[in-house]
Amino acid sequence: MKVTAFNGSPRLNGNTAKLIDAILTGAAEINMSTERIDLSKMYIKPCIACDNCKREGECVQKDDFLSLVDKMKESDVIVFGTPIYWVGPTAQFKTFFDRFYGVYSSGIFKEKIIVLVTPFESKDEKMPRYTIGMIKHSMEWIGIKSFKSFTVPGVVNKDDVIKLTKVMEKAKNIIGELIAAYKEAL
């Protein structure tokens with residue numbers, strides 16, 4: 001099985017990346033192949049709503065997005081990570097996510113397990129609800145197998161999350177728990 005994680009934070013080694021790395025470490029420990037992709041290193045143009053993807057089956061944007069689609073097709077578990085900025089996902093993540101419009105009908109998300117990681121500065125646990133709702137409802141609409149949201153409030157500075165040992169341990173175990181629950185449900 002394969003886990004591919006998409007880090008939507010512009011901070012390549014910030015709290016989001018550290019949580020994703022813990023998740024991938026846990027997945028590797030149960031013999032899953034893993035890969036982390038930093039969206040801020042990718043060249044992804046925004047959707048221009050031309051609908052060429054629906055008419056012709058191909059996006060007119062020539063960028064890195066289609067290579068990321070291939071990565072998602074190959075994956076059993078997809079981890080999306082974005083810190084919450086201004087009550088929403090980062091610009092890097094939103095640009096990436098909006099491009100799903102052109103590929104969702106191809107069925108690439110069918111039977112996928114999705115994990116969403118959202119660290120944020122506020123201690124108000126409701127802060128990520130709009131981002132979680134947007135992603136969860138979109139993913140359910142296009143037929144995913146399972147969705148798990150993992151929120152981490154109160155992380156202000158770049159390395160705050162590594163001081164939260166219980167949170168890091170939970171991150172490390174999240175994939176194994178999801179896989180076990182899925183197998184048990186079969």
# chains A, B, ... in the order shown; residues from 1 in each chain; ligands from 1
$ residues_around --residues "stretch 91-101 of chain A" --least-positions-apart "6" --cutoff "9 Å" --atoms "only C-alpha atoms" --output "PyMOL selection string"
chain A and resi 6-10+39-40+44-47+53+65+69+80-82+85+135
$ residues_around --residues "stretch 109-125 of chain A" --least-positions-apart "6" --cutoff "7 Å" --atoms "only C-alpha atoms" --output "list of chain:residue names"
A:Asn15, A:Thr16, A:Asp76, A:Val77, A:Ile78, A:Val79, A:Phe80, A:Gly81, A:Thr82, A:Pro83, A:Ile84, A:Ile142, A:Gly143, A:Ile144, A:Lys145, A:Ser146, A:Phe147, A:Lys148, A:Ser149, A:Phe150, A:Thr151, A:Val152, A:Pro153, A:Gly154, A:Val155, A:Val156
$ select_by_dssp --residues "stretch 30-103 of chain A" --states "helix (DSSP H, G or I)" --output "number ranges by chain"
A: 39-41, 52-55, 65-74, 91-102
$ select_by_dssp --residues "chain A" --states "strand (DSSP E)" --output "PyMOL selection string"
chain A and resi 2-7+33-38+77-81+113-119+146-152
$ write_last_selection --atoms "N, CA and C atoms" --output "compact mmCIF listing (two decimals), in the first residue's frame"
# COMPACT_ATOMS: atom_id res chain seq x y z
N LYS A 2 0.33 2.31 -0.53
CA LYS A 2 1.10 3.55 -0.66
C LYS A 2 0.35 4.72 -0.05
N VAL A 3 1.12 5.58 0.63
CA VAL A 3 0.61 6.83 1.20
C VAL A 3 1.35 7.98 0.53
N THR A 4 0.59 8.91 -0.03
CA THR A 4 1.19 10.12 -0.58
C THR A 4 0.61 11.30 0.19
N ALA A 5 1.51 12.16 0.66
CA ALA A 5 1.11 13.32 1.45
C ALA A 5 1.43 14.60 0.69
N PHE A 6 0.49 15.52 0.72
CA PHE A 6 0.64 16.82 0.07
C PHE A 6 0.69 17.89 1.13
N ASN A 7 1.86 18.49 1.28
CA ASN A 7 2.07 19.54 2.27
C ASN A 7 1.71 20.88 1.64
N SER A 33 4.63 2.15 1.50
CA SER A 33 5.54 3.08 0.85
C SER A 33 4.98 4.49 1.03
N THR A 34 5.86 5.46 1.15
CA THR A 34 5.43 6.81 1.48
C THR A 34 6.14 7.84 0.61
N GLU A 35 5.46 8.97 0.43
CA GLU A 35 6.05 10.10 -0.29
C GLU A 35 5.40 11.39 0.20
N ARG A 36 6.24 12.41 0.40
CA ARG A 36 5.73 13.73 0.76
C ARG A 36 6.03 14.68 -0.39
N ILE A 37 5.01 15.43 -0.79
CA ILE A 37 5.16 16.42 -1.85
C ILE A 37 4.84 17.79 -1.26
N ASP A 38 5.76 18.71 -1.41
CA ASP A 38 5.59 20.08 -0.93
C ASP A 38 4.99 20.92 -2.05
N VAL A 77 -3.79 5.75 0.29
CA VAL A 77 -4.10 6.77 1.29
C VAL A 77 -3.49 8.07 0.82
N ILE A 78 -4.28 9.14 0.89
CA ILE A 78 -3.79 10.47 0.52
C ILE A 78 -3.92 11.36 1.74
N VAL A 79 -2.82 11.99 2.10
CA VAL A 79 -2.80 12.92 3.23
C VAL A 79 -2.72 14.33 2.67
N PHE A 80 -3.66 15.15 3.07
CA PHE A 80 -3.64 16.57 2.72
C PHE A 80 -3.29 17.34 3.99
N GLY A 81 -2.33 18.22 3.90
CA GLY A 81 -1.97 19.03 5.06
C GLY A 81 -1.97 20.50 4.70
N ILE A 113 -8.55 6.49 0.94
CA ILE A 113 -8.64 6.95 2.32
C ILE A 113 -7.97 8.32 2.34
N ILE A 114 -8.68 9.31 2.86
CA ILE A 114 -8.17 10.68 2.91
C ILE A 114 -7.95 11.08 4.37
N VAL A 115 -6.78 11.63 4.65
CA VAL A 115 -6.49 12.20 5.97
C VAL A 115 -6.18 13.67 5.76
N LEU A 116 -6.86 14.53 6.50
CA LEU A 116 -6.62 15.97 6.44
C LEU A 116 -5.97 16.42 7.74
N VAL A 117 -4.82 17.05 7.64
CA VAL A 117 -4.07 17.55 8.79
C VAL A 117 -4.14 19.08 8.77
N THR A 118 -4.67 19.66 9.87
CA THR A 118 -4.81 21.11 9.92
C THR A 118 -4.32 21.67 11.25
N PRO A 119 -3.05 22.06 11.33
CA PRO A 119 -2.60 22.78 12.51
C PRO A 119 -2.99 24.25 12.39
N SER A 146 -12.99 6.74 2.86
CA SER A 146 -12.95 7.14 4.26
C SER A 146 -12.27 8.51 4.38
N PHE A 147 -12.72 9.30 5.37
CA PHE A 147 -12.15 10.62 5.61
C PHE A 147 -11.87 10.77 7.10
N LYS A 148 -10.67 11.22 7.42
CA LYS A 148 -10.29 11.47 8.81
C LYS A 148 -9.65 12.85 8.88
N SER A 149 -10.15 13.65 9.80
CA SER A 149 -9.58 14.98 10.02
C SER A 149 -8.77 14.97 11.31
N PHE A 150 -7.59 15.55 11.25
CA PHE A 150 -6.69 15.61 12.41
C PHE A 150 -6.32 17.06 12.62
N THR A 151 -6.92 17.70 13.62
CA THR A 151 -6.68 19.11 13.88
C THR A 151 -5.75 19.28 15.07
N VAL A 152 -4.92 20.32 15.00
CA VAL A 152 -3.99 20.60 16.09
C VAL A 152 -4.04 22.10 16.38
$ closest_residue --among "A:Val167, A:Ile162, A:Ile175, A:Cys50" --to "A:Gly14" --atoms "only C-alpha atoms"
A:Ile162
